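Engineer: Sharing a structure below in structure tokens format, with a few things to ask.
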Amino acid sequence: MAQILFVDDEPYYMRSLTDSLEDEGYHVTLADSVESTIDNLRRSTPDLIILDIIMPQGELQGTDNGLRTGVKLHEIIRDEMRIRSPIIFVTVVDSSAVIAQIERIERRHGQPSPIILQKVVLPSELLHEVRQILAKK
Amino acid sequence: MSVPHKDSVHPNAANEGSQARRALIVLQRQQAEAKAIWKVMARFQSILEDTEAFWRAMDQTLDEICRIIGASCAAIVVYEDKGSDAKPICKAVANLDRSAFVGKSYPASDPVLRKALRTGHTGEYPGIVVNFDEHAVQESICYDISQLTPAESRPQRAGLVPLELGNDDHGVLLFFLSESTDTISGLEIEDELLPLLQITPQIATAYQYCRLYEERKNWLEMVSHQMVAPLQSIAGHAERLHSHVDRWRVDKPTLINSTTEALSHSALHAARFARNFAWIASPEAHKHDIRLGIARDMRQILIDRARVFQGLAAERGIYRVHVEETVNLLSGKVRIYKKLFDQAVENLLDNAVKYSVRGSEVLITGSLSESEATIHIVNTGIPILESDVDRIFERGFRTKAAQARYRVGTGIGLTIARDIILLHKGHIDVGHSVPLSEDAHRVEFKICMPTHE
């Protein structure tokens with residue numbers, strides 16, 4: 001059973017997506033903060049990470065009020081924790097600068113072009129991407 | 001005729017004369033530089049209307065100023081909490097090969113700045129670092145950093161001009177020279193400070209403009225994030241219901257109820273966000289449109305509002321949002337404009353649910369005095385510091401703990417709740433936060449309304 005770490009600070013609103021993944025037989029772990037994400041990743045490496053970008057900064061204190069927390073987290077996952085699990089970004093952020101930054105990080109680690117899904121994401125859309133990525137693994 | 005003694009008078013007169021001549025030359029050169037810098041800044045001001053070109057223009061402007069004063073590079077550094085963040089930035093700037101505007105709004109993704117931050121060596125410029133680390137720069141200062149910059153290409157001198165940027169923001173215009181004397185004007189680095197000091201008001205204006213632009217951009221992004229969240233929930237649940245309803249009817253009928261409830265509550269959250277943003281767009285709109293009616297069953301009104309938050313609370317590990325019977329005391333005693341009153345209560349409940357710790361509850365109680373009816377909304381979570389009490393209803397204000405540890409937000413909910421209750425001739429009070437454990441404090445908001453005769 002594939003393990004998915006689903007990172008979003010508002011899991012209530014993402015319930016339809018997480019429930020759909022569980023219906024398909026995936027084991028979903030929810031993380032709603034920077035700290036719980038890092039804790040989870042230290043405990044085990046998931047087969048796939050689904051990551052939001054706008055989140056509270058937690059220990060990653062900065063000046064952007066959480067608008068780019070997911071990008072900082074992405075950097076930590078790849079650069080510091082050296083985790084190579086594929087990542088799907090599910091976010092409202094549509095900034096070319098942010099997307100370019102995510103692409104740079106993925107390229108640096110030899111990862112394929114990142115999948116960035118713009119909210120609102122239907123469960124069927126997410127399932128389609130998840131199936132494809134995990135099939136490649 | 002008396003002749004002055006040559007030893008006592010003539011050398012001084014010669015000194016004074018040469019000092020005066022030197023001062024005049026310096027003044028003339030300073031004036032020439034100031035004029036050139038003013039010209040650059042004047043051109044820069046005209047770019048302020050075009051935000052797309054803003055960052056590029058700021059960097060170019062600093063580069064031009066560098067050329068005028070003969071500096072190798074320059075930077076505007078904005079303090080974060082009196083210099084705590086300036087330390088690594090100053091090191092980075094000293095390693096830059098071009099000028100940069102480094103502030104709260106500077107894109108952290110800038111590749112040159114990032115590279116410099118990564119390769120900056122700790123302690124390489126302790127003269128500058130120590131100064132930034134301990135306190136903000138109060139007056140123009142020059143440093144001889146030749147001892148600290150052994151490489152020939154590295155700057156030999158550093159100059160700092162303090163910047164008052166408005167709104168209690170402070171910074172410094174920092175520039176580096178490879179030689180102790182400007183080879184173009186012949187001015188020494190100390191004499192470069194005055195012309196630069198004269199343009200600090202323009203830099204402050206530019207900074208304020210860019211801060212506002214960034215704030216507006218960030219706020220709109222936050223609004224979009226907040227609005228999309230319940231819409232995401234609605235779209236997702238609707239698709240699931242549509243796909244599975246026949247199967248669920250047979251084997252999971254309770255899922256139909258919970259999904260439709262999530263749909264309806266998400267729609268109500270989306271509607272409240274939309275009303276809040278509409279309120280911010282025109283806060284005066286309701287001022288003359290208050291249709292008050294007697295709240296005949298206050299408990300039911302509050303139970304209906306609390307129900308909207310049950311799912312959100314459960315997801316966040318909050319035991320319950322409970323309306324106590326004491327609220328019945330208020331039934332028939334206060335006059336409300338229900339549409340707005342609901343919005344105010346929901347904003348306060350949203351706040352309580354948002355900042356509560358897991359395993360706690362949000363409690364709504366009522367109390368009545370001769371002239372005032374009070375609804376108490378109590379939760380257990382992060383404290384509101386005494387220093388923040390006066391600012392808690394300020395638009396856009398969020399406590400540091402709230403920003404870091406809990407949800408992202410726009411900081412308008414409490415402001416709107418307060419304004420709505422003020423329209424009812426009432427007020428909202430914040431009680432003292434009472435510590436219950438290391439992480440959890442009892443926090444109380446009181447909606448106080450005049451009683452109906």
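Here, A, B, ... name the chains of the structure tokens in the order displayed, residue numbers run from 1 inside each chain, and ligands are numbered from 1 in the same displayed order.
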What residues in chain A lie within 7 Å of chain B, counting only C-alpha atoms, written as an MDAnalysis selection string?
Structural biologist: chainID A and resid 9 12:14 16:17 55:58 61 63 65:66 92 119:123
Engineer: If you count only C-alpha atoms, which residues fall within 8 Å of stretch 434-450 of chain B, apart from same-chain ones fewer than 5 positions away, as a list in words?
Structural biologist: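 After dropping sequence-adjacent residues, the list is Val334, Leu348, Val357, Ser371, Glu372, Ala373, Thr374, Ile375, His376, Ile377, Val378, Asn379, Thr380, Gly381, Ile382, Pro383, Ile384, Ile421, His424, Lys425, Gly426, His427, Ile428 and Asp429 of chain B.
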Engineer: Hey, can you check how far atom CA of A:Asp32 sits from atom CA of A:Ile76?
Structural biologist: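 Between atom CA of A:Asp32 and atom CA of A:Ile76 the gap works out to 16.4 Å.
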Engineer: Do a neighbour search on B:Thr200 at 9 Å with only C-alpha atoms, toss out local chain neighbours closer than 3 positions, and write the hits as a ChimeraX atom specification.
Structural biologist: /B:161-165,173,196-197,203-205
Engineer: Would you save the residues of that selection, restricted to N, CA and C atoms, as a PDB file, in the first residue's frame?
Structural biologist:
```pdb
ATOM      1  N   VAL B 161      24.959  55.268   5.651  1.00  0.00           N
ATOM      2  CA  VAL B 161      24.103  56.443   5.882  1.00  0.00           C
ATOM      3  C   VAL B 161      22.780  55.935   6.438  1.00  0.00           C
ATOM      4  N   PRO B 162      22.375  56.393   7.635  1.00  0.00           N
ATOM      5  CA  PRO B 162      21.135  55.874   8.219  1.00  0.00           C
ATOM      6  C   PRO B 162      19.903  56.329   7.439  1.00  0.00           C
ATOM      7  N   LEU B 163      18.899  55.482   7.402  1.00  0.00           N
ATOM      8  CA  LEU B 163      17.661  55.798   6.677  1.00  0.00           C
ATOM      9  C   LEU B 163      16.466  55.683   7.615  1.00  0.00           C
ATOM     10  N   GLU B 164      15.671  56.746   7.681  1.00  0.00           N
ATOM     11  CA  GLU B 164      14.394  56.687   8.390  1.00  0.00           C
ATOM     12  C   GLU B 164      13.354  56.416   7.315  1.00  0.00           C
ATOM     13  N   LEU B 165      12.788  55.222   7.316  1.00  0.00           N
ATOM     14  CA  LEU B 165      11.965  54.826   6.178  1.00  0.00           C
ATOM     15  C   LEU B 165      10.462  54.994   6.410  1.00  0.00           C
ATOM     16  N   LEU B 173      21.839  53.016   4.084  1.00  0.00           N
ATOM     17  CA  LEU B 173      22.400  52.994   2.734  1.00  0.00           C
ATOM     18  C   LEU B 173      23.877  52.653   2.912  1.00  0.00           C
ATOM     19  N   LEU B 196      24.756  61.928   0.021  1.00  0.00           N
ATOM     20  CA  LEU B 196      23.854  60.775   0.130  1.00  0.00           C
ATOM     21  C   LEU B 196      22.787  61.009   1.191  1.00  0.00           C
ATOM     22  N   LEU B 197      23.188  61.705   2.250  1.00  0.00           N
ATOM     23  CA  LEU B 197      22.240  62.010   3.328  1.00  0.00           C
ATOM     24  C   LEU B 197      21.062  62.819   2.789  1.00  0.00           C
ATOM     25  N   ILE B 203      14.548  58.079  -0.844  1.00  0.00           N
ATOM     26  CA  ILE B 203      14.663  56.628  -0.655  1.00  0.00           C
ATOM     27  C   ILE B 203      13.514  56.142   0.233  1.00  0.00           C
ATOM     28  N   ALA B 204      13.185  56.949   1.273  1.00  0.00           N
ATOM     29  CA  ALA B 204      12.085  56.572   2.172  1.00  0.00           C
ATOM     30  C   ALA B 204      10.769  56.495   1.395  1.00  0.00           C
ATOM     31  N   THR B 205      10.526  57.468   0.514  1.00  0.00           N
ATOM     32  CA  THR B 205       9.292  57.470  -0.283  1.00  0.00           C
ATOM     33  C   THR B 205       9.248  56.220  -1.167  1.00  0.00           C
TER      34      THR B 205
END
```
Engineer: Going by DSSP on the backbone, which residues of chain A come out as helix (DSSP H, G or I)? List them as a PyMOL selection string.
Structural biologist: chain A and resi 11-23+34-43+69-80+96-108+123-136
Engineer: Counting only C-alpha atoms, what is within 12 Å of A:Ile116, bar same-chain residues fewer than 3 positions away, as a PyMOL selection string?
Structural biologist: chain A and resi 50-53+86-96+98-100+102-103+113+119-121+125-126+129
Engineer: To one decimal place in Å, what is the distance between atom CA of B:Leu423 and atom CA of B:Ser356?
Structural biologist: 28.2 Å
Engineer: Please, what distance in Å, to one decimal, runs between atom CA of B:Gly317 and atom CA of B:Arg358?
Structural biologist: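 Between atom CA of B:Gly317 and atom CA of B:Arg358 the gap is 4.7 Å.
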Engineer: Can you work out which one of B:Pro195, B:Leu414, B:Ile68, B:Lys333 has the shortest atom-to-atom distance to B:Ser369, counting only C-alpha atoms?
Structural biologist: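 When distances to B:Ser369 are compared using only C-alpha atoms, the smallest one comes from B:Lys333.
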